[in-house]
$ cat coords.cif   # mmCIF, C-alpha atoms, pLDDT in the B column; chains and numbers go by the auth columns
data_run
loop_
_atom_site.group_PDB
_atom_site.id
_atom_site.type_symbol
_atom_site.label_atom_id
_atom_site.label_comp_id
_atom_site.label_asym_id
_atom_site.label_seq_id
_atom_site.Cartn_x
_atom_site.Cartn_y
_atom_site.Cartn_z
_atom_site.B_iso_or_equiv
_atom_site.auth_seq_id
_atom_site.auth_asym_id
ATOM 1 C CA MET A 1 94.131 91.340 101.968 55.00 1 A
ATOM 2 C CA ASP A 2 95.101 91.015 105.605 66.00 2 A
ATOM 3 C CA GLY A 3 96.727 93.783 107.601 84.00 3 A
ATOM 4 C CA ILE A 4 95.536 96.713 105.519 95.00 4 A
ATOM 5 C CA LEU A 5 94.660 99.746 107.620 98.00 5 A
ATOM 6 C CA ILE A 6 91.702 101.809 106.427 98.00 6 A
ATOM 7 C CA GLY A 7 90.090 104.755 108.170 98.00 7 A
ATOM 8 C CA THR A 8 89.405 108.455 108.044 98.00 8 A
ATOM 9 C CA SER A 9 91.254 111.627 108.882 97.00 9 A
ATOM 10 C CA GLY A 10 89.495 112.616 112.074 97.00 10 A
ATOM 11 C CA TYR A 11 86.304 111.143 113.455 97.00 11 A
ATOM 12 C CA ASP A 12 84.684 113.763 115.712 97.00 12 A
ATOM 13 C CA TYR A 13 82.240 115.185 113.174 96.00 13 A
ATOM 14 C CA PRO A 14 78.686 115.771 114.452 96.00 14 A
ATOM 15 C CA GLU A 15 77.509 116.118 110.831 95.00 15 A
ATOM 16 C CA TRP A 16 78.222 112.388 110.391 97.00 16 A
ATOM 17 C CA LYS A 17 75.176 111.587 112.494 96.00 17 A
ATOM 18 C CA GLY A 18 72.610 109.865 110.336 95.00 18 A
ATOM 19 C CA VAL A 19 75.272 109.273 107.653 95.00 19 A
ATOM 20 C CA PHE A 20 77.807 107.185 109.554 97.00 20 A
ATOM 21 C CA TYR A 21 76.963 107.470 113.232 98.00 21 A
ATOM 22 C CA PRO A 22 73.479 106.516 114.482 97.00 22 A
ATOM 23 C CA GLU A 23 71.265 109.557 115.072 96.00 23 A
ATOM 24 C CA ASP A 24 70.932 108.835 118.788 96.00 24 A
ATOM 25 C CA LEU A 25 74.641 108.194 119.421 97.00 25 A
ATOM 26 C CA LYS A 26 76.206 110.534 121.974 97.00 26 A
ATOM 27 C CA ARG A 27 79.282 112.421 120.855 97.00 27 A
ATOM 28 C CA LYS A 28 81.376 110.919 123.647 96.00 28 A
ATOM 29 C CA ASP A 29 80.722 107.503 122.107 97.00 29 A
ATOM 30 C CA PHE A 30 81.769 108.412 118.566 98.00 30 A
ATOM 31 C CA LEU A 31 85.250 106.933 118.882 98.00 31 A
ATOM 32 C CA LEU A 32 84.105 103.612 120.300 98.00 32 A
ATOM 33 C CA TYR A 33 81.539 103.240 117.527 98.00 33 A
ATOM 34 C CA TYR A 34 84.161 104.213 114.941 98.00 34 A
ATOM 35 C CA SER A 35 86.435 101.439 116.253 98.00 35 A
ATOM 36 C CA THR A 36 83.749 98.833 115.525 97.00 36 A
ATOM 37 C CA VAL A 37 83.847 99.741 111.819 97.00 37 A
ATOM 38 C CA PHE A 38 87.476 100.669 111.058 97.00 38 A
ATOM 39 C CA ASN A 39 90.868 99.445 112.232 97.00 39 A
ATOM 40 C CA ALA A 40 92.790 102.719 111.925 98.00 40 A
ATOM 41 C CA LEU A 41 92.384 106.434 112.536 98.00 41 A
ATOM 42 C CA GLU A 42 94.406 109.426 111.419 98.00 42 A
ATOM 43 C CA LEU A 43 94.393 111.859 114.330 97.00 43 A
ATOM 44 C CA ASN A 44 94.493 115.457 113.159 94.00 44 A
ATOM 45 C CA SER A 45 93.688 117.357 116.370 95.00 45 A
ATOM 46 C CA SER A 46 97.382 116.983 117.254 97.00 46 A
ATOM 47 C CA PHE A 47 98.189 119.426 114.447 96.00 47 A
ATOM 48 C CA TYR A 48 96.288 122.296 116.051 95.00 48 A
ATOM 49 C CA ASN A 49 97.163 121.618 119.697 95.00 49 A
ATOM 50 C CA MET A 50 100.292 119.948 121.033 96.00 50 A
ATOM 51 C CA PRO A 51 99.078 116.593 122.387 96.00 51 A
ATOM 52 C CA THR A 52 100.037 115.080 125.708 97.00 52 A
ATOM 53 C CA ALA A 53 100.675 111.448 126.572 97.00 53 A
ATOM 54 C CA GLU A 54 97.501 111.468 128.635 97.00 54 A
ATOM 55 C CA ARG A 55 95.484 112.828 125.737 96.00 55 A
ATOM 56 C CA LEU A 56 96.755 110.254 123.257 97.00 56 A
ATOM 57 C CA CYS A 57 96.266 107.454 125.781 96.00 57 A
ATOM 58 C CA SER A 58 92.637 108.498 126.075 96.00 58 A
ATOM 59 C CA PHE A 59 92.100 107.724 122.366 97.00 59 A
ATOM 60 C CA TYR A 60 93.524 104.255 122.934 97.00 60 A
ATOM 61 C CA ASP A 61 91.379 103.669 126.012 97.00 61 A
ATOM 62 C CA ARG A 62 88.151 105.017 124.507 96.00 62 A
ATOM 63 C CA SER A 63 88.563 102.810 121.442 97.00 63 A
ATOM 64 C CA GLU A 64 89.251 99.833 123.722 96.00 64 A
ATOM 65 C CA GLY A 65 92.599 99.205 122.047 96.00 65 A
ATOM 66 C CA LYS A 66 91.001 98.283 118.719 96.00 66 A
ATOM 67 C CA LEU A 67 92.622 100.980 116.577 97.00 67 A
ATOM 68 C CA ASN A 68 95.964 101.750 115.018 98.00 68 A
ATOM 69 C CA PHE A 69 96.765 105.453 115.035 98.00 69 A
ATOM 70 C CA SER A 70 98.483 107.722 112.571 98.00 70 A
ATOM 71 C CA VAL A 71 99.213 110.987 114.355 98.00 71 A
ATOM 72 C CA LYS A 72 99.582 114.228 112.436 98.00 72 A
ATOM 73 C CA ALA A 73 102.565 116.267 113.584 98.00 73 A
ATOM 74 C CA ASN A 74 101.941 119.568 115.327 97.00 74 A
ATOM 75 C CA ARG A 75 102.037 122.701 113.177 97.00 75 A
ATOM 76 C CA LEU A 76 105.077 123.984 115.124 97.00 76 A
ATOM 77 C CA LEU A 77 107.051 121.332 113.240 98.00 77 A
ATOM 78 C CA THR A 78 105.625 121.878 109.741 98.00 78 A
ATOM 79 C CA HIS A 79 103.808 125.188 109.317 97.00 79 A
ATOM 80 C CA GLU A 80 105.125 127.490 112.038 96.00 80 A
ATOM 81 C CA ILE A 81 108.727 126.375 112.317 96.00 81 A
ATOM 82 C CA GLY A 82 110.691 128.432 114.825 92.00 82 A
ATOM 83 C CA LEU A 83 114.276 128.569 116.019 91.00 83 A
ATOM 84 C CA VAL A 84 113.413 126.376 118.995 91.00 84 A
ATOM 85 C CA TRP A 85 111.550 123.696 117.037 97.00 85 A
ATOM 86 C CA GLN A 86 113.570 121.004 118.828 96.00 86 A
ATOM 87 C CA GLY A 87 111.612 121.798 121.986 96.00 87 A
ATOM 88 C CA ALA A 88 108.347 121.136 120.183 97.00 88 A
ATOM 89 C CA ALA A 89 109.834 117.906 118.826 98.00 89 A
ATOM 90 C CA GLU A 90 110.707 116.725 122.335 97.00 90 A
ATOM 91 C CA ASP A 91 107.205 117.519 123.592 97.00 91 A
ATOM 92 C CA PHE A 92 105.712 115.633 120.672 98.00 92 A
ATOM 93 C CA LYS A 93 107.879 112.561 121.186 97.00 93 A
ATOM 94 C CA LEU A 94 106.928 112.413 124.858 97.00 94 A
ATOM 95 C CA ALA A 95 103.257 112.474 123.875 97.00 95 A
ATOM 96 C CA LEU A 96 103.739 109.698 121.306 97.00 96 A
ATOM 97 C CA ASN A 97 105.654 107.305 123.540 95.00 97 A
ATOM 98 C CA PRO A 98 102.582 105.560 125.059 94.00 98 A
ATOM 99 C CA LEU A 99 101.213 104.694 121.607 97.00 99 A
ATOM 100 C CA MET A 100 104.656 103.456 120.575 96.00 100 A
ATOM 101 C CA GLN A 101 104.875 101.288 123.679 95.00 101 A
ATOM 102 C CA LYS A 102 101.436 99.810 122.984 96.00 102 A
ATOM 103 C CA ASP A 103 102.510 99.159 119.369 97.00 103 A
ATOM 104 C CA VAL A 104 99.530 101.037 117.916 97.00 104 A
ATOM 105 C CA LEU A 105 101.364 103.999 116.366 98.00 105 A
ATOM 106 C CA SER A 106 101.161 103.101 112.683 97.00 106 A
ATOM 107 C CA ALA A 107 102.544 106.416 111.391 98.00 107 A
ATOM 108 C CA LEU A 108 103.733 109.866 112.333 98.00 108 A
ATOM 109 C CA LEU A 109 102.578 112.181 109.552 98.00 109 A
ATOM 110 C CA PHE A 110 104.417 115.410 108.776 98.00 110 A
ATOM 111 C CA GLN A 111 102.246 117.358 106.341 97.00 111 A
ATOM 112 C CA PHE A 112 104.098 120.341 104.935 97.00 112 A
ATOM 113 C CA PRO A 113 102.256 123.262 103.317 95.00 113 A
ATOM 114 C CA GLN A 114 102.585 124.254 99.680 93.00 114 A
ATOM 115 C CA SER A 115 104.709 127.199 100.839 95.00 115 A
ATOM 116 C CA PHE A 116 107.397 124.754 102.016 97.00 116 A
ATOM 117 C CA HIS A 117 109.575 124.935 98.907 97.00 117 A
ATOM 118 C CA TYR A 118 112.469 122.779 97.767 97.00 118 A
ATOM 119 C CA THR A 119 115.270 125.014 99.077 98.00 119 A
ATOM 120 C CA LYS A 120 118.607 124.233 100.684 98.00 120 A
ATOM 121 C CA GLU A 121 117.385 125.588 104.007 97.00 121 A
ATOM 122 C CA ASN A 122 114.257 123.438 103.945 98.00 122 A
ATOM 123 C CA ARG A 123 116.164 120.337 102.869 98.00 123 A
ATOM 124 C CA ILE A 124 118.520 120.747 105.807 97.00 124 A
ATOM 125 C CA TYR A 125 115.593 121.245 108.167 98.00 125 A
ATOM 126 C CA LEU A 126 113.789 118.171 106.853 98.00 126 A
ATOM 127 C CA ALA A 127 116.882 116.005 107.307 98.00 127 A
ATOM 128 C CA LYS A 128 117.284 117.234 110.889 98.00 128 A
ATOM 129 C CA LEU A 129 113.594 116.710 111.618 98.00 129 A
ATOM 130 C CA ILE A 130 113.605 113.115 110.391 98.00 130 A
ATOM 131 C CA SER A 131 116.759 112.451 112.398 97.00 131 A
ATOM 132 C CA GLU A 132 115.073 113.872 115.495 97.00 132 A
ATOM 133 C CA PHE A 133 112.314 111.255 115.128 97.00 133 A
ATOM 134 C CA GLU A 134 114.563 108.307 114.381 96.00 134 A
ATOM 135 C CA GLY A 135 112.835 105.085 115.338 95.00 135 A
ATOM 136 C CA PHE A 136 109.349 106.485 114.738 97.00 136 A
ATOM 137 C CA PRO A 137 107.304 105.486 111.648 97.00 137 A
ATOM 138 C CA VAL A 138 107.820 108.810 109.852 98.00 138 A
ATOM 139 C CA VAL A 139 105.725 109.696 106.803 98.00 139 A
ATOM 140 C CA ILE A 140 106.253 112.943 104.889 97.00 140 A
ATOM 141 C CA GLU A 141 103.541 114.667 102.863 96.00 141 A
ATOM 142 C CA PHE A 142 104.593 117.360 100.424 95.00 142 A
ATOM 143 C CA ARG A 143 102.125 119.821 98.950 93.00 143 A
ATOM 144 C CA HIS A 144 104.505 121.274 96.345 93.00 144 A
ATOM 145 C CA SER A 145 105.571 119.431 93.217 92.00 145 A
ATOM 146 C CA GLU A 146 109.168 120.663 93.584 94.00 146 A
ATOM 147 C CA TRP A 147 109.783 117.881 96.093 95.00 147 A
ATOM 148 C CA ILE A 148 108.710 115.070 93.795 92.00 148 A
ATOM 149 C CA ARG A 149 112.124 114.061 92.508 92.00 149 A
ATOM 150 C CA GLU A 150 114.457 111.073 92.702 93.00 150 A
ATOM 151 C CA SER A 151 116.976 112.749 95.004 95.00 151 A
ATOM 152 C CA VAL A 152 114.233 113.329 97.589 95.00 152 A
ATOM 153 C CA PHE A 153 112.991 109.759 97.295 94.00 153 A
ATOM 154 C CA GLU A 154 116.537 108.480 97.797 95.00 154 A
ATOM 155 C CA GLY A 155 117.048 110.755 100.799 96.00 155 A
ATOM 156 C CA LEU A 156 113.864 109.544 102.464 96.00 156 A
ATOM 157 C CA GLN A 157 114.732 105.915 101.767 95.00 157 A
ATOM 158 C CA LYS A 158 118.174 106.410 103.305 96.00 158 A
ATOM 159 C CA ARG A 159 116.605 107.859 106.452 96.00 159 A
ATOM 160 C CA ASN A 160 113.928 105.135 106.783 94.00 160 A
ATOM 161 C CA ALA A 161 111.122 107.626 106.130 97.00 161 A
ATOM 162 C CA SER A 162 108.139 107.128 103.832 96.00 162 A
ATOM 163 C CA ILE A 163 106.319 109.536 101.549 94.00 163 A
ATOM 164 C CA ALA A 164 102.558 110.003 101.474 94.00 164 A
ATOM 165 C CA PHE A 165 100.834 109.352 98.187 92.00 165 A
ATOM 166 C CA CYS A 166 98.048 111.917 98.000 91.00 166 A
ATOM 167 C CA ASP A 167 95.027 111.659 95.778 92.00 167 A
ATOM 168 C CA MET A 168 93.993 115.263 95.093 89.00 168 A
ATOM 169 C CA PRO A 169 93.230 117.601 92.190 88.00 169 A
ATOM 170 C CA GLN A 170 95.717 117.779 89.344 84.00 170 A
ATOM 171 C CA LEU A 171 96.635 121.447 89.697 85.00 171 A
ATOM 172 C CA LYS A 172 99.776 123.386 88.970 82.00 172 A
ATOM 173 C CA LYS A 173 102.364 123.168 91.774 86.00 173 A
ATOM 174 C CA LEU A 174 100.576 120.281 93.503 87.00 174 A
ATOM 175 C CA PRO A 175 102.315 116.882 93.370 86.00 175 A
ATOM 176 C CA ASP A 176 101.123 114.672 90.551 76.00 176 A
ATOM 177 C CA GLY A 177 98.705 112.255 92.159 66.00 177 A
ATOM 178 C CA THR A 178 99.969 109.198 90.337 62.00 178 A
ATOM 179 C CA LEU A 179 102.282 106.513 91.585 55.00 179 A
ATOM 180 C CA THR A 180 104.554 106.940 88.583 56.00 180 A
ATOM 181 C CA LYS A 181 105.428 110.345 90.042 66.00 181 A
ATOM 182 C CA THR A 182 105.116 109.522 93.755 76.00 182 A
ATOM 183 C CA PRO A 183 106.196 105.937 94.443 82.00 183 A
ATOM 184 C CA PHE A 184 105.884 104.176 97.770 90.00 184 A
ATOM 185 C CA ILE A 185 109.081 104.496 99.763 90.00 185 A
ATOM 186 C CA GLY A 186 110.136 102.512 102.799 87.00 186 A
ATOM 187 C CA SER A 187 108.007 100.103 104.791 91.00 187 A
ATOM 188 C CA ASN A 188 104.804 102.162 104.643 93.00 188 A
ATOM 189 C CA ALA A 189 102.468 102.487 101.676 95.00 189 A
ATOM 190 C CA TYR A 190 100.651 105.553 102.959 96.00 190 A
ATOM 191 C CA ILE A 191 97.677 106.835 100.957 96.00 191 A
ATOM 192 C CA ARG A 192 95.729 109.988 101.787 95.00 192 A
ATOM 193 C CA LEU A 193 92.593 110.703 99.799 95.00 193 A
ATOM 194 C CA HIS A 194 91.785 114.398 99.829 94.00 194 A
ATOM 195 C CA GLY A 195 89.178 114.362 97.083 91.00 195 A
ATOM 196 C CA ARG A 196 89.322 115.905 93.637 91.00 196 A
ATOM 197 C CA ASN A 197 87.427 119.141 94.154 90.00 197 A
ATOM 198 C CA GLN A 198 89.534 121.187 91.785 87.00 198 A
ATOM 199 C CA ASN A 199 87.372 124.307 91.813 86.00 199 A
ATOM 200 C CA ALA A 200 87.493 124.725 95.579 87.00 200 A
ATOM 201 C CA TRP A 201 91.114 123.796 96.281 87.00 201 A
ATOM 202 C CA TYR A 202 92.349 127.392 96.278 84.00 202 A
ATOM 203 C CA ASN A 203 89.087 128.897 97.453 76.00 203 A
ATOM 204 C CA ALA A 204 90.029 132.058 99.374 48.00 204 A
ATOM 205 C CA THR A 205 86.895 131.852 101.519 47.00 205 A
ATOM 206 C CA GLU A 206 87.620 128.324 102.660 42.00 206 A
ATOM 207 C CA ASN A 207 87.426 127.669 106.387 44.00 207 A
ATOM 208 C CA SER A 208 91.099 126.931 107.054 48.00 208 A
ATOM 209 C CA THR A 209 90.312 124.797 110.116 46.00 209 A
ATOM 210 C CA ASN A 210 87.716 122.452 108.685 44.00 210 A
ATOM 211 C CA GLY A 211 88.556 122.670 105.002 56.00 211 A
ATOM 212 C CA ASN A 212 84.925 122.099 104.113 76.00 212 A
ATOM 213 C CA ALA A 213 85.186 123.522 100.598 85.00 213 A
ATOM 214 C CA ARG A 214 88.524 122.005 99.668 89.00 214 A
ATOM 215 C CA TYR A 215 87.715 118.491 100.845 92.00 215 A
ATOM 216 C CA CYS A 216 84.092 118.274 99.798 93.00 216 A
ATOM 217 C CA TYR A 217 84.140 115.311 97.446 94.00 217 A
ATOM 218 C CA ASP A 218 82.498 111.896 97.167 96.00 218 A
ATOM 219 C CA TYR A 219 84.501 109.171 95.401 96.00 219 A
ATOM 220 C CA SER A 220 82.647 106.960 92.939 96.00 220 A
ATOM 221 C CA ASP A 221 82.923 103.180 93.022 96.00 221 A
ATOM 222 C CA GLY A 222 84.994 103.334 89.871 96.00 222 A
ATOM 223 C CA GLU A 223 87.443 105.785 91.405 95.00 223 A
ATOM 224 C CA LEU A 224 87.773 103.683 94.540 96.00 224 A
ATOM 225 C CA SER A 225 88.223 100.471 92.540 96.00 225 A
ATOM 226 C CA SER A 226 91.218 101.997 90.771 93.00 226 A
ATOM 227 C CA PHE A 227 93.116 101.819 94.071 94.00 227 A
ATOM 228 C CA VAL A 228 92.605 98.081 94.541 95.00 228 A
ATOM 229 C CA PRO A 229 95.523 96.948 92.319 92.00 229 A
ATOM 230 C CA ILE A 230 97.744 99.624 93.896 91.00 230 A
ATOM 231 C CA VAL A 231 96.885 98.400 97.378 93.00 231 A
ATOM 232 C CA SER A 232 97.279 94.754 96.357 93.00 232 A
ATOM 233 C CA LYS A 233 100.728 95.352 94.858 91.00 233 A
ATOM 234 C CA ALA A 234 101.976 97.233 97.925 93.00 234 A
ATOM 235 C CA ASN A 235 100.565 94.560 100.214 93.00 235 A
ATOM 236 C CA HIS A 236 102.305 91.794 98.296 92.00 236 A
ATOM 237 C CA GLU A 237 105.562 93.761 98.486 91.00 237 A
ATOM 238 C CA GLY A 238 105.336 93.469 102.257 93.00 238 A
ATOM 239 C CA ARG A 239 104.581 97.136 102.936 94.00 239 A
ATOM 240 C CA LYS A 240 102.196 98.285 105.644 94.00 240 A
ATOM 241 C CA VAL A 241 99.298 99.705 103.649 97.00 241 A
ATOM 242 C CA GLN A 242 97.437 102.601 105.242 97.00 242 A
ATOM 243 C CA MET A 243 94.547 104.481 103.620 98.00 243 A
ATOM 244 C CA TYR A 244 92.942 107.540 105.181 98.00 244 A
ATOM 245 C CA PHE A 245 90.041 109.482 103.692 98.00 245 A
ATOM 246 C CA ASN A 246 90.274 113.213 104.353 96.00 246 A
ATOM 247 C CA ASN A 247 87.134 114.141 102.390 96.00 247 A
ATOM 248 C CA HIS A 248 85.159 114.456 105.613 95.00 248 A
ATOM 249 C CA PRO A 249 82.375 116.955 104.705 95.00 249 A
ATOM 250 C CA LYS A 250 78.896 115.407 104.606 94.00 250 A
ATOM 251 C CA GLY A 251 80.290 112.080 105.814 95.00 251 A
ATOM 252 C CA SER A 252 81.779 111.240 102.414 96.00 252 A
ATOM 253 C CA GLY A 253 85.059 110.080 103.919 97.00 253 A
ATOM 254 C CA ALA A 254 83.371 107.583 106.218 98.00 254 A
ATOM 255 C CA ARG A 255 81.179 106.228 103.420 97.00 255 A
ATOM 256 C CA ASN A 256 84.099 105.954 101.017 98.00 256 A
ATOM 257 C CA ALA A 257 86.334 104.283 103.613 98.00 257 A
ATOM 258 C CA LYS A 258 83.668 101.661 104.331 97.00 258 A
ATOM 259 C CA ARG A 259 83.282 100.963 100.634 97.00 259 A
ATOM 260 C CA MET A 260 87.054 100.795 100.156 97.00 260 A
ATOM 261 C CA ARG A 261 87.270 98.218 102.915 96.00 261 A
ATOM 262 C CA GLU A 262 84.687 96.091 101.096 96.00 262 A
ATOM 263 C CA LEU A 263 86.568 96.392 97.822 96.00 263 A
ATOM 264 C CA VAL A 264 89.930 95.311 99.210 93.00 264 A
ATOM 265 C CA GLU A 265 88.365 92.450 101.139 86.00 265 A
#
$ encode --input "coords.cif" --output "structure tokens"
Amino acid sequence: MDGILIGTSGYDYPEWKGVFYPEDLKRKDFLLYYSTVFNALELNSSFYNMPTAERLCSFYDRSEGKLNFSVKANRLLTHEIGLVWQGAAEDFKLALNPLMQKDVLSALLFQFPQSFHYTKENRIYLAKLISEFEGFPVVIEFRHSEWIRESVFEGLQKRNASIAFCDMPQLKKLPDGTLTKTPFIGSNAYIRLHGRNQNAWYNATENSTNGNARYCYDYSDGELSSFVPIVSKANHEGRKVQMYFNNHPKGSGARNAKRMRELVE
């Protein structure tokens, strides 16, 4: 299946040495090596620190132009929303412009926390946010099941935004990780695989930065194979299929992404 983008959420993990990266590979060469295996990368460092155009251009240059990039929106737009969020939006758009101009920005991911409830105030904010990024390949990820409803799907479709289908534990208040509940919307078929570590999802001792407990999961061949017909259907519908593995601990995401690539090929 041509044109399918497969990669991981983040790449700069020293623990991947000996699992994905060669043991003797220098950290500065991680990205270039990564680009020889995958065709897409979900950048998540942009969530923690507002990126600059120079910073994002460096990812393009260091991967020798081989990668498509999905860029995760800064937390000032999803988790720490202030009265002057438009300023953060302008800064973010300026940073993204070089990737847009090079036609390698495959998605702009807005991941909202579970605390972002389906309220009138939040619906108004979301509509304004999507409007602010008109023309960008916007993808919205909800972490609360309240948002999984037809009116939301219709609103996203109307605004040319897509919704992220997330494979994650089936827990109360989390979106149902099935396509009957979360259909693909718009031109992107965006799939994020977080793992199914149910016991650790709400672990209070979890490292909030790395998410090692929450995302520690290794998909079986059977679990990965179940996505093949989903990917095939979306591909035949003419959607841009993107799959990113966020189960990074112990190199599981890299291993699973490589295997997924083999399965869809």
$ closest_residue --input "coords.cif" --among "A:Asn49, A:Ser145, A:Asn203, A:Ser58" --to "A:Pro98" --atoms "only C-alpha atoms"
A:Ser58
$ closest_residue --input "coords.cif" --among "A:Met50, A:Leu76, A:Val84, A:Leu5" --to "A:Leu96" --atoms "all atoms listed in the file"
A:Met50
$ residues_around --input "coords.cif" --residues "A:Gln170" --least-positions-apart "4" --cutoff "12 Å" --atoms "all atoms listed in the file" --output "PDB file with C-alpha atoms, keeping the file's coordinate frame"
ATOM      1  CA  ARG A 143     102.125 119.821  98.950  1.00 93.00           C
ATOM      2  CA  HIS A 144     104.505 121.274  96.345  1.00 93.00           C
ATOM      3  CA  SER A 145     105.571 119.431  93.217  1.00 92.00           C
ATOM      4  CA  CYS A 166      98.048 111.917  98.000  1.00 91.00           C
ATOM      5  CA  LEU A 174     100.576 120.281  93.503  1.00 87.00           C
ATOM      6  CA  PRO A 175     102.315 116.882  93.370  1.00 86.00           C
ATOM      7  CA  ASP A 176     101.123 114.672  90.551  1.00 76.00           C
ATOM      8  CA  GLY A 177      98.705 112.255  92.159  1.00 66.00           C
ATOM      9  CA  THR A 178      99.969 109.198  90.337  1.00 62.00           C
ATOM     10  CA  HIS A 194      91.785 114.398  99.829  1.00 94.00           C
ATOM     11  CA  GLY A 195      89.178 114.362  97.083  1.00 91.00           C
ATOM     12  CA  ARG A 196      89.322 115.905  93.637  1.00 91.00           C
ATOM     13  CA  ASN A 197      87.427 119.141  94.154  1.00 90.00           C
ATOM     14  CA  GLN A 198      89.534 121.187  91.785  1.00 87.00           C
ATOM     15  CA  ASN A 199      87.372 124.307  91.813  1.00 86.00           C
ATOM     16  CA  TRP A 201      91.114 123.796  96.281  1.00 87.00           C
TER      17      TRP A 201
END
$ residues_around --input "coords.cif" --residues "stretch 22-34 of chain A" --least-positions-apart "5" --cutoff "7 Å" --atoms "all atoms listed in the file" --output "ChimeraX atom specification"
/A:11-12,17,62-63
$ write_last_selection --input "coords.cif" --atoms "C-alpha atoms" --output "PDB file, in the frame of the given file"
ATOM      1  CA  TYR A  11      86.304 111.143 113.455  1.00 97.00           C
ATOM      2  CA  ASP A  12      84.684 113.763 115.712  1.00 97.00           C
ATOM      3  CA  LYS A  17      75.176 111.587 112.494  1.00 96.00           C
ATOM      4  CA  ARG A  62      88.151 105.017 124.507  1.00 96.00           C
ATOM      5  CA  SER A  63      88.563 102.810 121.442  1.00 97.00           C
TER       6      SER A  63
END
$ resolve_selection --input "coords.cif" --expression "the PyMOL selection byres ((chain A and resi 231) around 12)" --output "ChimeraX atom specification"
/A:1-6,165,179,184,188-191,224-230,232-243,260-261,263-265
$ resolve_selection --input "coords.cif" --expression "the PyMOL selection byres ((chain A and resi 106-117) around 9)" --output "PyMOL selection string"
chain A and resi 5+40+42+68-75+77-79+96+100+103-105+118-119+122-123+136-147+164+173-174+188+190+240+242
$ residues_near_point --input "coords.cif" --point "(100.0, 101.7, 127.0)" --cutoff "10 Å" --atoms "all atoms listed in the file" --output "list in words"
Ala53, Leu56, Cys57, Tyr60, Asp61, Gly65, Asn97, Pro98, Leu99, Met100, Gln101, Lys102, Asp103 and Val104 of chain A
$ atom_distance --input "coords.cif" --atom1 "atom CA of A:Ile81" --atom2 "atom CA of A:Phe133"
15.8 Å
$ closest_residue --input "coords.cif" --among "A:Glu134, A:Arg214, A:Leu193, A:Ala200" --to "A:Ala254" --atoms "all atoms listed in the file"
A:Leu193
$ atom_distance --input "coords.cif" --atom1 "atom CA of A:Arg255" --atom2 "atom CA of A:Ile185"
28.2 Å
$ atom_distance --input "coords.cif" --atom1 "atom CA of A:Asn39" --atom2 "atom CA of A:Lys66"
6.6 Å
$ resolve_selection --input "coords.cif" --expression "the PyMOL selection byres ((chain A and resi 159) around 12)" --output "list of chain:residue names"
A:Leu126, A:Ala127, A:Lys128, A:Leu129, A:Ile130, A:Ser131, A:Glu132, A:Phe133, A:Glu134, A:Gly135, A:Phe136, A:Pro137, A:Val138, A:Val139, A:Ile140, A:Val152, A:Phe153, A:Glu154, A:Gly155, A:Leu156, A:Gln157, A:Lys158, A:Asn160, A:Ala161, A:Ser162, A:Ile163, A:Ile185, A:Gly186, A:Ser187
